[in-house]
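Below: run-v2.txt (compact mmCIF, C-alpha atoms)
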# COMPACT_ATOMS: atom_id res chain seq x y z
CA MET Z 7 -17.53 -1.01 -14.77
CA THR Z 8 -13.91 -0.12 -14.22
CA ILE Z 9 -11.85 -0.79 -11.19
CA THR Z 10 -9.85 2.38 -11.02
CA GLY Z 11 -6.83 2.93 -8.83
CA ASP Z 12 -6.25 5.12 -5.87
CA ARG Z 13 -3.28 6.45 -4.06
CA ILE Z 14 -1.55 6.46 -0.74
CA GLU Z 15 0.81 9.29 0.10
CA HIS Z 16 3.31 9.82 2.85
CA GLU Z 17 5.83 12.51 3.50
CA ILE Z 18 8.49 12.50 6.20
CA HIS Z 19 11.64 14.39 6.98
CA ILE Z 20 14.95 12.67 7.66
CA HIS Z 21 18.04 14.26 9.12
CA ALA Z 22 20.38 12.74 6.55
CA PRO Z 23 21.36 13.84 3.04
CA PRO Z 24 19.49 12.46 -0.01
CA GLU Z 25 22.56 10.43 -1.06
CA ALA Z 26 22.44 8.52 2.26
CA VAL Z 27 18.67 8.01 2.16
CA PHE Z 28 18.69 6.93 -1.47
CA ARG Z 29 20.91 3.92 -0.75
CA PHE Z 30 18.20 2.51 1.54
CA PHE Z 31 16.09 1.99 -1.60
CA THR Z 32 18.76 0.42 -3.78
CA ASP Z 33 21.25 -1.48 -1.60
CA PRO Z 34 19.83 -4.84 -0.37
CA ALA Z 35 21.68 -4.80 2.96
CA MET Z 36 20.54 -1.24 3.64
CA HIS Z 37 17.00 -2.05 2.49
CA ASP Z 38 16.84 -4.98 4.93
CA ARG Z 39 17.42 -2.54 7.77
CA TRP Z 40 14.06 -0.84 7.33
CA LEU Z 41 11.67 -2.93 5.26
CA GLY Z 42 10.99 -6.65 5.20
CA GLN Z 43 13.36 -9.50 5.91
CA ARG Z 44 15.36 -10.00 2.74
CA ALA Z 45 15.56 -7.87 -0.36
CA THR Z 46 16.78 -8.79 -3.84
CA LEU Z 47 17.38 -5.55 -5.69
CA ASP Z 48 18.70 -4.73 -9.13
CA PRO Z 49 18.33 -0.94 -9.16
CA ARG Z 50 18.17 -0.13 -12.84
CA ARG Z 51 15.23 0.23 -15.20
CA GLY Z 52 13.61 -3.20 -15.56
CA GLY Z 53 15.67 -4.62 -12.69
CA ILE Z 54 14.01 -6.71 -10.01
CA TYR Z 55 12.60 -5.33 -6.74
CA ARG Z 56 11.77 -8.31 -4.53
CA VAL Z 57 11.30 -8.21 -0.77
CA VAL Z 58 10.47 -11.17 1.44
CA MET Z 59 8.25 -9.59 4.07
CA ASN Z 60 7.54 -12.67 6.19
CA ASP Z 61 6.84 -16.40 5.84
CA THR Z 62 3.69 -15.81 3.83
CA ALA Z 63 4.18 -12.54 1.98
CA THR Z 64 6.71 -11.52 -0.65
CA VAL Z 65 6.54 -8.23 -2.50
CA VAL Z 66 7.58 -8.42 -6.14
CA GLY Z 67 8.03 -5.68 -8.70
CA GLU Z 68 10.64 -4.02 -10.84
CA TYR Z 69 12.42 -0.71 -10.93
CA ILE Z 70 10.94 1.72 -13.44
CA ASP Z 71 13.08 4.75 -12.76
CA VAL Z 72 16.30 5.12 -10.79
CA GLU Z 73 17.77 8.63 -10.60
CA PRO Z 74 20.22 8.88 -7.73
CA PRO Z 75 19.85 10.57 -5.34
CA HIS Z 76 16.47 12.14 -6.02
CA ARG Z 77 13.99 9.69 -7.40
CA VAL Z 78 13.27 5.99 -7.42
CA VAL Z 79 10.15 4.36 -8.83
CA PHE Z 80 9.29 0.68 -8.70
CA THR Z 81 6.27 -1.53 -9.26
CA TRP Z 82 4.84 -3.40 -6.31
CA GLY Z 83 2.59 -6.40 -5.72
CA PHE Z 84 2.44 -9.65 -3.79
CA GLU Z 85 3.66 -12.99 -5.04
CA ASN Z 86 0.77 -15.48 -5.46
CA ASN Z 87 -1.85 -12.82 -4.96
CA ARG Z 88 -4.37 -12.11 -7.67
CA GLN Z 89 -5.72 -8.97 -6.08
CA ILE Z 90 -2.42 -7.12 -5.95
CA PRO Z 91 -0.30 -9.26 -8.28
CA PRO Z 92 3.42 -8.64 -8.75
CA GLY Z 93 4.07 -5.39 -10.52
CA SER Z 94 0.45 -4.24 -10.37
CA SER Z 95 0.85 -1.04 -8.37
CA THR Z 96 3.53 1.64 -8.42
CA VAL Z 97 5.59 3.25 -5.67
CA SER Z 98 7.27 6.58 -6.44
CA VAL Z 99 9.79 7.99 -4.00
CA THR Z 100 11.08 11.52 -4.30
CA LEU Z 101 13.95 12.80 -2.17
CA THR Z 102 14.40 16.55 -1.87
CA ALA Z 103 17.28 18.14 0.00
CA ASP Z 104 16.37 20.87 2.45
CA HIS Z 105 18.26 22.87 5.07
CA SER Z 106 18.43 20.03 7.59
CA GLY Z 107 18.36 16.84 5.53
CA THR Z 108 15.87 15.24 3.16
CA ARG Z 109 12.18 15.47 2.57
CA VAL Z 110 10.96 12.01 1.57
CA ARG Z 111 7.72 11.79 -0.33
CA LEU Z 112 6.29 8.35 -1.10
CA VAL Z 113 3.27 7.91 -3.36
CA HIS Z 114 1.73 4.47 -3.88
CA THR Z 115 -0.70 4.37 -6.81
CA GLY Z 116 -2.67 1.79 -8.77
CA LEU Z 117 -3.96 -0.08 -5.74
CA PRO Z 118 -7.23 -1.93 -6.33
CA HIS Z 119 -10.15 0.41 -6.06
CA PRO Z 120 -12.89 -1.30 -4.02
CA ALA Z 121 -10.59 -1.66 -1.09
CA ILE Z 122 -9.20 1.79 -1.52
CA ALA Z 123 -12.42 3.76 -1.89
CA PRO Z 124 -11.65 7.37 -1.05
CA HIS Z 125 -12.11 7.27 2.69
CA HIS Z 126 -9.83 9.95 3.89
CA HIS Z 127 -11.20 9.02 7.16
CA GLY Z 128 -8.52 7.64 9.44
CA TRP Z 129 -5.68 9.35 7.63
CA ALA Z 130 -5.18 12.00 10.24
CA GLY Z 131 -4.76 9.25 12.82
CA TYR Z 132 -2.02 7.53 10.86
CA LEU Z 133 -0.14 10.72 10.21
CA THR Z 134 -0.25 11.50 13.90
CA GLN Z 135 0.99 8.02 14.69
CA LEU Z 136 3.76 8.42 12.12
CA ALA Z 137 4.78 11.77 13.54
CA ASP Z 138 4.86 10.28 17.04
CA THR Z 139 6.94 7.30 15.89
CA ALA Z 140 9.30 9.53 13.95
CA ALA Z 141 9.76 11.88 16.89
CA SER Z 142 10.40 9.17 19.48
CA MET S 27 -6.59 -8.84 5.93
CA GLU S 28 -5.81 -12.15 4.20
CA GLU S 29 -9.51 -12.92 4.04
CA GLN S 30 -10.21 -9.55 2.47
CA LEU S 31 -7.52 -10.05 -0.14
CA ARG S 32 -8.96 -13.45 -0.98
CA ALA S 33 -12.50 -12.07 -1.15
CA LEU S 34 -11.36 -9.28 -3.46
CA ALA S 35 -9.41 -11.69 -5.64
CA GLY S 36 -12.54 -12.69 -7.56
CA PRO S 37 -13.43 -10.25 -10.36
CA ARG S 38 -17.12 -11.06 -9.95
CA ARG S 39 -16.96 -10.18 -6.27
CA ARG S 40 -15.30 -6.86 -7.10
CA GLN S 41 -18.13 -6.18 -9.55
CA ILE S 42 -20.69 -6.98 -6.86
CA LEU S 43 -18.92 -4.59 -4.50
CA GLU S 44 -19.11 -1.84 -7.11
CA LEU S 45 -22.85 -2.44 -7.43
CA VAL S 46 -23.56 -2.10 -3.73
CA ARG S 47 -21.06 0.64 -3.09
CA ASP S 48 -23.59 3.46 -3.12
CA GLY S 49 -26.78 1.74 -2.10
CA GLU S 50 -28.52 -1.38 -0.87
CA LEU S 51 -29.55 -4.12 -3.26
CA SER S 52 -31.20 -7.48 -2.74
CA ALA S 53 -29.47 -10.68 -3.83
CA GLY S 54 -31.99 -10.94 -6.67
CA GLN S 55 -31.25 -7.43 -7.90
CA ILE S 56 -27.55 -8.18 -7.80
CA ALA S 57 -28.01 -11.47 -9.64
CA ALA S 58 -29.95 -9.66 -12.38
CA HIS S 59 -26.75 -7.85 -13.34
CA PHE S 60 -24.89 -11.05 -14.13
CA GLU S 61 -25.34 -14.12 -16.23
CA VAL S 62 -24.69 -16.49 -13.40
CA THR S 63 -26.93 -18.50 -11.15
CA ARG S 64 -28.49 -17.06 -8.05
CA PRO S 65 -26.72 -19.61 -5.78
CA ALA S 66 -23.39 -18.50 -7.28
CA ILE S 67 -24.22 -14.90 -6.35
CA SER S 68 -25.25 -16.00 -2.85
CA GLN S 69 -21.93 -17.77 -2.51
CA HIS S 70 -20.05 -14.60 -3.48
CA LEU S 71 -22.13 -12.55 -1.05
CA THR S 72 -21.32 -14.98 1.75
CA VAL S 73 -17.61 -14.60 1.06
CA LEU S 74 -17.88 -10.80 0.92
CA LYS S 75 -19.93 -10.71 4.10
CA SER S 76 -17.54 -12.97 5.93
CA ALA S 77 -14.63 -10.73 4.93
CA GLY S 78 -16.49 -7.73 6.31
CA LEU S 79 -16.71 -6.12 2.88
CA VAL S 80 -20.52 -6.03 2.73
CA THR S 81 -23.23 -5.88 5.36
CA GLU S 82 -26.51 -7.75 5.21
CA ARG S 83 -29.87 -6.44 6.40
CA ARG S 84 -33.14 -8.33 6.47
CA ASP S 85 -36.27 -6.63 5.20
CA GLY S 86 -39.14 -9.09 5.54
CA THR S 87 -38.16 -12.06 3.43
CA ARG S 88 -35.55 -10.12 1.47
CA ARG S 89 -31.93 -9.76 2.35
CA LEU S 90 -30.36 -6.47 1.38
CA TYR S 91 -26.66 -5.95 0.86
CA ARG S 92 -24.44 -2.92 0.74
CA ALA S 93 -20.72 -2.25 0.84
CA ASN S 94 -19.24 -1.79 4.27
CA PRO S 95 -16.99 1.28 4.19
CA ALA S 96 -15.12 0.17 7.29
CA GLY S 97 -14.28 -3.15 5.66
CA LEU S 98 -13.36 -1.47 2.40
CA ALA S 99 -10.91 0.75 4.17
CA GLY S 100 -9.05 -2.30 5.51
CA LEU S 101 -6.63 -2.91 2.67
CA LYS S 102 -5.85 0.74 2.26
CA GLN S 103 -5.23 1.01 5.97
CA PHE S 104 -3.02 -2.06 5.86
CA ILE S 105 -0.82 -0.63 3.10
CA ASP S 106 -0.95 2.84 4.57
CA ARG S 107 0.25 1.50 7.90
CA PHE S 108 2.84 -0.65 6.12
CA TRP S 109 4.47 2.47 4.66
CA ALA S 110 4.02 4.54 7.80
CA THR S 111 5.84 1.92 9.86
CA GLY S 112 8.44 1.35 7.15
CA LEU S 113 9.23 5.01 6.67
CA ALA S 114 9.52 5.57 10.41
CA ARG S 115 12.14 2.81 10.44
CA LEU S 116 13.84 4.28 7.40
CA LYS S 117 14.13 7.58 9.26
CA THR S 118 15.67 5.88 12.29
CA GLU S 119 18.14 3.86 10.22
CA ALA S 120 19.12 6.64 7.82
CA GLU S 121 19.70 9.07 10.67
CA ALA S 122 21.75 6.49 12.57
CA GLU S 123 23.79 5.90 9.42
CA ALA S 124 24.33 9.62 8.87
CA ALA S 125 25.42 10.07 12.48
CA ARG S 126 28.05 7.33 12.33
CA PRO S 127 31.64 8.48 12.82
CA GLY S 128 33.31 9.15 9.52
CA ARG S 129 30.05 10.22 7.93
CA ARG S 130 29.38 13.89 7.46
CA HIS S 131 26.30 15.17 9.16
CA PRO S 132 23.87 16.74 6.67
CA ALA S 133 24.26 20.09 8.40
CA ALA S 134 27.97 19.94 7.65
CA ARG S 135 27.22 19.64 3.96
CA ARG S 136 25.69 23.04 3.73
CA GLY S 137 27.97 25.45 1.97
CA ALA S 138 30.19 22.55 0.98
Rewrite the structure of this file - the entire thing - as structure tokens.
Amino acid sequence: MTITGDRIEHEIHIHAPPEAVFRFFTDPAMHDRWLGQRATLDPRRGGIYRVVMNDTATVVGEYIDVEPPHRVVFTWGFENNRQIPPGSSTVSVTLTADHSGTRVRLVHTGLPHPAIAPHHHGWAGYLTQLADTAAS
Amino acid sequence: MEEQLRALAGPRRRQILELVRDGELSAGQIAAHFEVTRPAISQHLTVLKSAGLVTERRDGTRRLYRANPAGLAGLKQFIDRFWATGLARLKTEAEAEAARPGRRHPAARRGA
């Protein structure tokens, strides 16, 4: 009986060049502007990726791959959480320049299986919500 | 969400979930898969039920359990939403940054 992983994927478009978007994944002050409350980042292979989300949740992982300005990969888990422990899942971000900015593709893999059973159900709703948020 | 994470934290409970993922089983049938006491299995089932990860149905004197897809989708939805919200904010912030005076707009980079 194996608990296999599953994946979450998102793709958005940003009207800014990859160089500008990339810094939001590697510069703590920039990172704080979009995700969590306080980031400690050491963007090189094996360097720490730690983000205090709120009073009870802190994401901990480490950078696996840092290739400015196109690709950043880090591990991801929660501090003091045995289900998704620090470093247990992997987030890969790919930035591709296009005619009007950057296509951002984020893939989160290795999440615990029982909770992530392939219910593609509900996905359409989230993408719609994302598109609405992004357009507003 | 917290309750689900806690419920899933136990390896035995994850194994139970795997067992009842595709069909209903009684507590006794579930217990037969493990070398633990029946009360221990009942305890696990209570935790899983309370977290919304399994549903319980009575059939005469038996209680039958199966995975609850809606509950199982919870963690995925949580993380999915986490990134959806995060990326929407990233878009806002990155575009604001790119539009700041002194920064070249991406369109201006073309042909540069």
Exercise. Which distance in Å separates CA of Leu90 (chain S) and CA of Glu29 (chain S), to one decimal?
Worked result: 22.0 Å
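Counting from CA of Ala53 (chain S), the distance to CA of Arg40 (chain S) is 15.0 Å.
Among the candidate residues S:Val80, S:Ala120, S:Leu71, S:Val62, the one lying nearest to chain Z is S:Ala120, with distances computed using all atoms listed in the file.
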Exercise. Separation of CA of Ser98 (chain Z) and CA of Pro34 (chain Z), in Å?
Worked result: 18.0 Å
Would you mind listing what lies within 8 Å of Trp109 (chain S) as a tab-separated table (two decimals) with C-alpha atoms, in the frame of the given file, with only C-alpha atoms counted and same-chain residues fewer than 4 positions away left out?
chain	number	residue	atom	x	y	z
Z	16	HIS	CA	3.31	9.82	2.85
S	105	ILE	CA	-0.82	-0.63	3.10
S	113	LEU	CA	9.23	5.01	6.67
Exercise. S:Arg64, S:Gln41, S:Arg83, S:Gln55: which is nearest chain Z, counting all atoms listed in the file?
Worked result: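 Closest to chain Z of all the choices is S:Gln41.
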Seminar exercise, completed: Glu82 (chain S) proximity check over S:Leu116, S:Ala33, S:Val46, S:Ala124, using all atoms listed in the file: winner is S:Val46
Problem set entry | Among the residues Z:Val79, Z:Ser95, Z:Pro74, Z:Gly53, the one that comes closest to Arg111 (chain Z) [using only C-alpha atoms] |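 Using only C-alpha atoms, the shortest distance to Arg111 (chain Z) belongs to Z:Val79.
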For this session: Compare Z:Asn86, Z:Thr115, Z:Asn60, Z:Ser106 by their minimum atom-to-atom distance to chain S, counting only C-alpha atoms, and give me the closest one.
Result: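 Looking at the shortest contact to chain S, the residue is Z:Ser106.
Residue neighbourhood of Gly49 (chain S), excluding near-sequence residues (fewer than 3 positions): Glu44, Leu45, Val46, Leu90, Tyr91, Arg92 and Ala93 of chain S, at 10 Å, using only C-alpha atoms.
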Problem set entry | Shortest interatomic distance to chain Z - which of S:Ala110, S:Leu74, S:Ile56, S:Ile42, counting all atoms listed in the file |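 Result for the nearest residue to chain Z: S:Ala110.
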Exercise. Around (-3.1, 2.8, -2.5) in the file's own coordinates, what residues are found within 6 Å if you use only C-alpha atoms, given back as number ranges by chain?
Worked result: Z: 12-14, 114-115, 117; S: 102
Problem set entry | Selection near Lys117 (chain S), 9 Å with all atoms listed in the file, sequence-local residues under 2 positions removed, as a ChimeraX atom specification | /Z:18-22,27,40,140 /S:112-115,119-122
Using the file's own x, y and z axes, so that the box edges lie along x, y and z, what centre and edge lengths in Å (one decimal) does a box around every listed atom of region 89-103 of chain Z get when 5 Å is added on each side? Give it as JSON.
{"center_x": 5.8, "center_y": 4.4, "center_z": -5.3, "size_x": 33.0, "size_y": 37.4, "size_z": 20.5}
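The list of residues with at least one atom within 10 Å of Asp48 (chain Z), based on all atoms listed in the file and without residues fewer than 2 positions apart in the same chain, reads Z:Thr32, Z:Asp33, Z:Pro34, Z:Ala45, Z:Thr46, Z:Arg50, Z:Arg51, Z:Gly52, Z:Gly53, Z:Ile54, Z:Tyr55, Z:Arg56, Z:Glu68, Z:Tyr69.
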Fix up region 36-69 of chain Z with N, CA and C atoms, then write it as a PDB file, in the coordinates of the input.
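Result saved to rebuild.pdb:
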ATOM      1  N   MET Z  36      21.116  -2.440   3.034  1.00  0.00           N
ATOM      2  CA  MET Z  36      20.540  -1.240   3.640  1.00  0.00           C
ATOM      3  C   MET Z  36      19.007  -1.358   3.667  1.00  0.00           C
ATOM      4  N   HIS Z  37      18.452  -1.880   2.593  1.00  0.00           N
ATOM      5  CA  HIS Z  37      17.000  -2.050   2.490  1.00  0.00           C
ATOM      6  C   HIS Z  37      16.492  -2.965   3.611  1.00  0.00           C
ATOM      7  N   ASP Z  38      17.243  -4.036   3.882  1.00  0.00           N
ATOM      8  CA  ASP Z  38      16.840  -4.980   4.930  1.00  0.00           C
ATOM      9  C   ASP Z  38      16.740  -4.321   6.302  1.00  0.00           C
ATOM     10  N   ARG Z  39      17.428  -3.204   6.463  1.00  0.00           N
ATOM     11  CA  ARG Z  39      17.420  -2.540   7.770  1.00  0.00           C
ATOM     12  C   ARG Z  39      16.103  -1.839   8.067  1.00  0.00           C
ATOM     13  N   TRP Z  40      15.314  -1.564   7.023  1.00  0.00           N
ATOM     14  CA  TRP Z  40      14.060  -0.840   7.330  1.00  0.00           C
ATOM     15  C   TRP Z  40      12.786  -1.496   6.824  1.00  0.00           C
ATOM     16  N   LEU Z  41      12.905  -2.369   5.809  1.00  0.00           N
ATOM     17  CA  LEU Z  41      11.670  -2.930   5.260  1.00  0.00           C
ATOM     18  C   LEU Z  41      11.837  -4.409   4.922  1.00  0.00           C
ATOM     19  N   GLY Z  42      10.993  -5.233   5.531  1.00  0.00           N
ATOM     20  CA  GLY Z  42      10.990  -6.650   5.200  1.00  0.00           C
ATOM     21  C   GLY Z  42      12.189  -7.397   5.774  1.00  0.00           C
ATOM     22  N   GLN Z  43      12.309  -8.651   5.358  1.00  0.00           N
ATOM     23  CA  GLN Z  43      13.360  -9.500   5.910  1.00  0.00           C
ATOM     24  C   GLN Z  43      14.553  -9.647   4.975  1.00  0.00           C
ATOM     25  N   ARG Z  44      14.254  -9.769   3.671  1.00  0.00           N
ATOM     26  CA  ARG Z  44      15.360 -10.000   2.740  1.00  0.00           C
ATOM     27  C   ARG Z  44      15.008  -9.437   1.371  1.00  0.00           C
ATOM     28  N   ALA Z  45      15.836  -8.515   0.918  1.00  0.00           N
ATOM     29  CA  ALA Z  45      15.560  -7.870  -0.360  1.00  0.00           C
ATOM     30  C   ALA Z  45      16.513  -8.358  -1.444  1.00  0.00           C
ATOM     31  N   THR Z  46      15.969  -8.535  -2.657  1.00  0.00           N
ATOM     32  CA  THR Z  46      16.780  -8.790  -3.840  1.00  0.00           C
ATOM     33  C   THR Z  46      16.533  -7.597  -4.754  1.00  0.00           C
ATOM     34  N   LEU Z  47      17.563  -6.805  -4.965  1.00  0.00           N
ATOM     35  CA  LEU Z  47      17.380  -5.550  -5.690  1.00  0.00           C
ATOM     36  C   LEU Z  47      18.366  -5.427  -6.845  1.00  0.00           C
ATOM     37  N   ASP Z  48      17.851  -5.011  -7.985  1.00  0.00           N
ATOM     38  CA  ASP Z  48      18.700  -4.730  -9.130  1.00  0.00           C
ATOM     39  C   ASP Z  48      18.280  -3.336  -9.629  1.00  0.00           C
ATOM     40  N   PRO Z  49      18.840  -2.304  -8.963  1.00  0.00           N
ATOM     41  CA  PRO Z  49      18.330  -0.940  -9.160  1.00  0.00           C
ATOM     42  C   PRO Z  49      18.693  -0.299 -10.493  1.00  0.00           C
ATOM     43  N   ARG Z  50      18.087  -0.776 -11.523  1.00  0.00           N
ATOM     44  CA  ARG Z  50      18.170  -0.130 -12.840  1.00  0.00           C
ATOM     45  C   ARG Z  50      16.843  -0.422 -13.526  1.00  0.00           C
ATOM     46  N   ARG Z  51      16.528   0.363 -14.525  1.00  0.00           N
ATOM     47  CA  ARG Z  51      15.230   0.230 -15.200  1.00  0.00           C
ATOM     48  C   ARG Z  51      15.017  -1.227 -15.641  1.00  0.00           C
ATOM     49  N   GLY Z  52      13.905  -1.816 -15.217  1.00  0.00           N
ATOM     50  CA  GLY Z  52      13.610  -3.200 -15.560  1.00  0.00           C
ATOM     51  C   GLY Z  52      14.216  -4.208 -14.594  1.00  0.00           C
ATOM     52  N   GLY Z  53      15.040  -3.722 -13.665  1.00  0.00           N
ATOM     53  CA  GLY Z  53      15.670  -4.620 -12.690  1.00  0.00           C
ATOM     54  C   GLY Z  53      14.697  -5.027 -11.598  1.00  0.00           C
ATOM     55  N   ILE Z  54      14.952  -6.163 -10.984  1.00  0.00           N
ATOM     56  CA  ILE Z  54      14.010  -6.710 -10.010  1.00  0.00           C
ATOM     57  C   ILE Z  54      13.996  -5.943  -8.675  1.00  0.00           C
ATOM     58  N   TYR Z  55      12.786  -5.845  -8.099  1.00  0.00           N
ATOM     59  CA  TYR Z  55      12.600  -5.330  -6.740  1.00  0.00           C
ATOM     60  C   TYR Z  55      11.791  -6.421  -6.030  1.00  0.00           C
ATOM     61  N   ARG Z  56      12.457  -7.194  -5.183  1.00  0.00           N
ATOM     62  CA  ARG Z  56      11.770  -8.310  -4.530  1.00  0.00           C
ATOM     63  C   ARG Z  56      12.109  -8.289  -3.046  1.00  0.00           C
ATOM     64  N   VAL Z  57      11.079  -8.305  -2.214  1.00  0.00           N
ATOM     65  CA  VAL Z  57      11.300  -8.210  -0.770  1.00  0.00           C
ATOM     66  C   VAL Z  57      10.470  -9.263  -0.046  1.00  0.00           C
ATOM     67  N   VAL Z  58      11.164 -10.193   0.606  1.00  0.00           N
ATOM     68  CA  VAL Z  58      10.470 -11.170   1.440  1.00  0.00           C
ATOM     69  C   VAL Z  58      10.062 -10.447   2.713  1.00  0.00           C
ATOM     70  N   MET Z  59       8.740 -10.315   2.904  1.00  0.00           N
ATOM     71  CA  MET Z  59       8.250  -9.590   4.070  1.00  0.00           C
ATOM     72  C   MET Z  59       8.197 -10.492   5.292  1.00  0.00           C
ATOM     73  N   ASN Z  60       7.626 -11.685   5.115  1.00  0.00           N
ATOM     74  CA  ASN Z  60       7.540 -12.670   6.190  1.00  0.00           C
ATOM     75  C   ASN Z  60       7.329 -14.032   5.549  1.00  0.00           C
ATOM     76  N   ASP Z  61       6.970 -15.036   6.353  1.00  0.00           N
ATOM     77  CA  ASP Z  61       6.840 -16.400   5.840  1.00  0.00           C
ATOM     78  C   ASP Z  61       5.780 -16.535   4.749  1.00  0.00           C
ATOM     79  N   THR Z  62       4.783 -15.646   4.780  1.00  0.00           N
ATOM     80  CA  THR Z  62       3.690 -15.810   3.830  1.00  0.00           C
ATOM     81  C   THR Z  62       3.579 -14.719   2.775  1.00  0.00           C
ATOM     82  N   ALA Z  63       4.334 -13.649   2.935  1.00  0.00           N
ATOM     83  CA  ALA Z  63       4.180 -12.540   1.980  1.00  0.00           C
ATOM     84  C   ALA Z  63       5.507 -12.091   1.391  1.00  0.00           C
ATOM     85  N   THR Z  64       5.536 -12.033   0.060  1.00  0.00           N
ATOM     86  CA  THR Z  64       6.710 -11.520  -0.650  1.00  0.00           C
ATOM     87  C   THR Z  64       6.242 -10.478  -1.650  1.00  0.00           C
ATOM     88  N   VAL Z  65       6.860  -9.306  -1.571  1.00  0.00           N
ATOM     89  CA  VAL Z  65       6.540  -8.230  -2.500  1.00  0.00           C
ATOM     90  C   VAL Z  65       7.428  -8.382  -3.733  1.00  0.00           C
ATOM     91  N   VAL Z  66       6.815  -8.291  -4.903  1.00  0.00           N
ATOM     92  CA  VAL Z  66       7.580  -8.420  -6.140  1.00  0.00           C
ATOM     93  C   VAL Z  66       7.213  -7.282  -7.100  1.00  0.00           C
ATOM     94  N   GLY Z  67       8.246  -6.704  -7.692  1.00  0.00           N
ATOM     95  CA  GLY Z  67       8.030  -5.680  -8.700  1.00  0.00           C
ATOM     96  C   GLY Z  67       9.318  -5.452  -9.448  1.00  0.00           C
ATOM     97  N   GLU Z  68       9.376  -4.344 -10.180  1.00  0.00           N
ATOM     98  CA  GLU Z  68      10.640  -4.020 -10.840  1.00  0.00           C
ATOM     99  C   GLU Z  68      10.843  -2.513 -10.852  1.00  0.00           C
ATOM    100  N   TYR Z  69      12.107  -2.130 -10.893  1.00  0.00           N
ATOM    101  CA  TYR Z  69      12.420  -0.710 -10.930  1.00  0.00           C
ATOM    102  C   TYR Z  69      11.991  -0.133 -12.285  1.00  0.00           C
TER     103      TYR Z  69
END
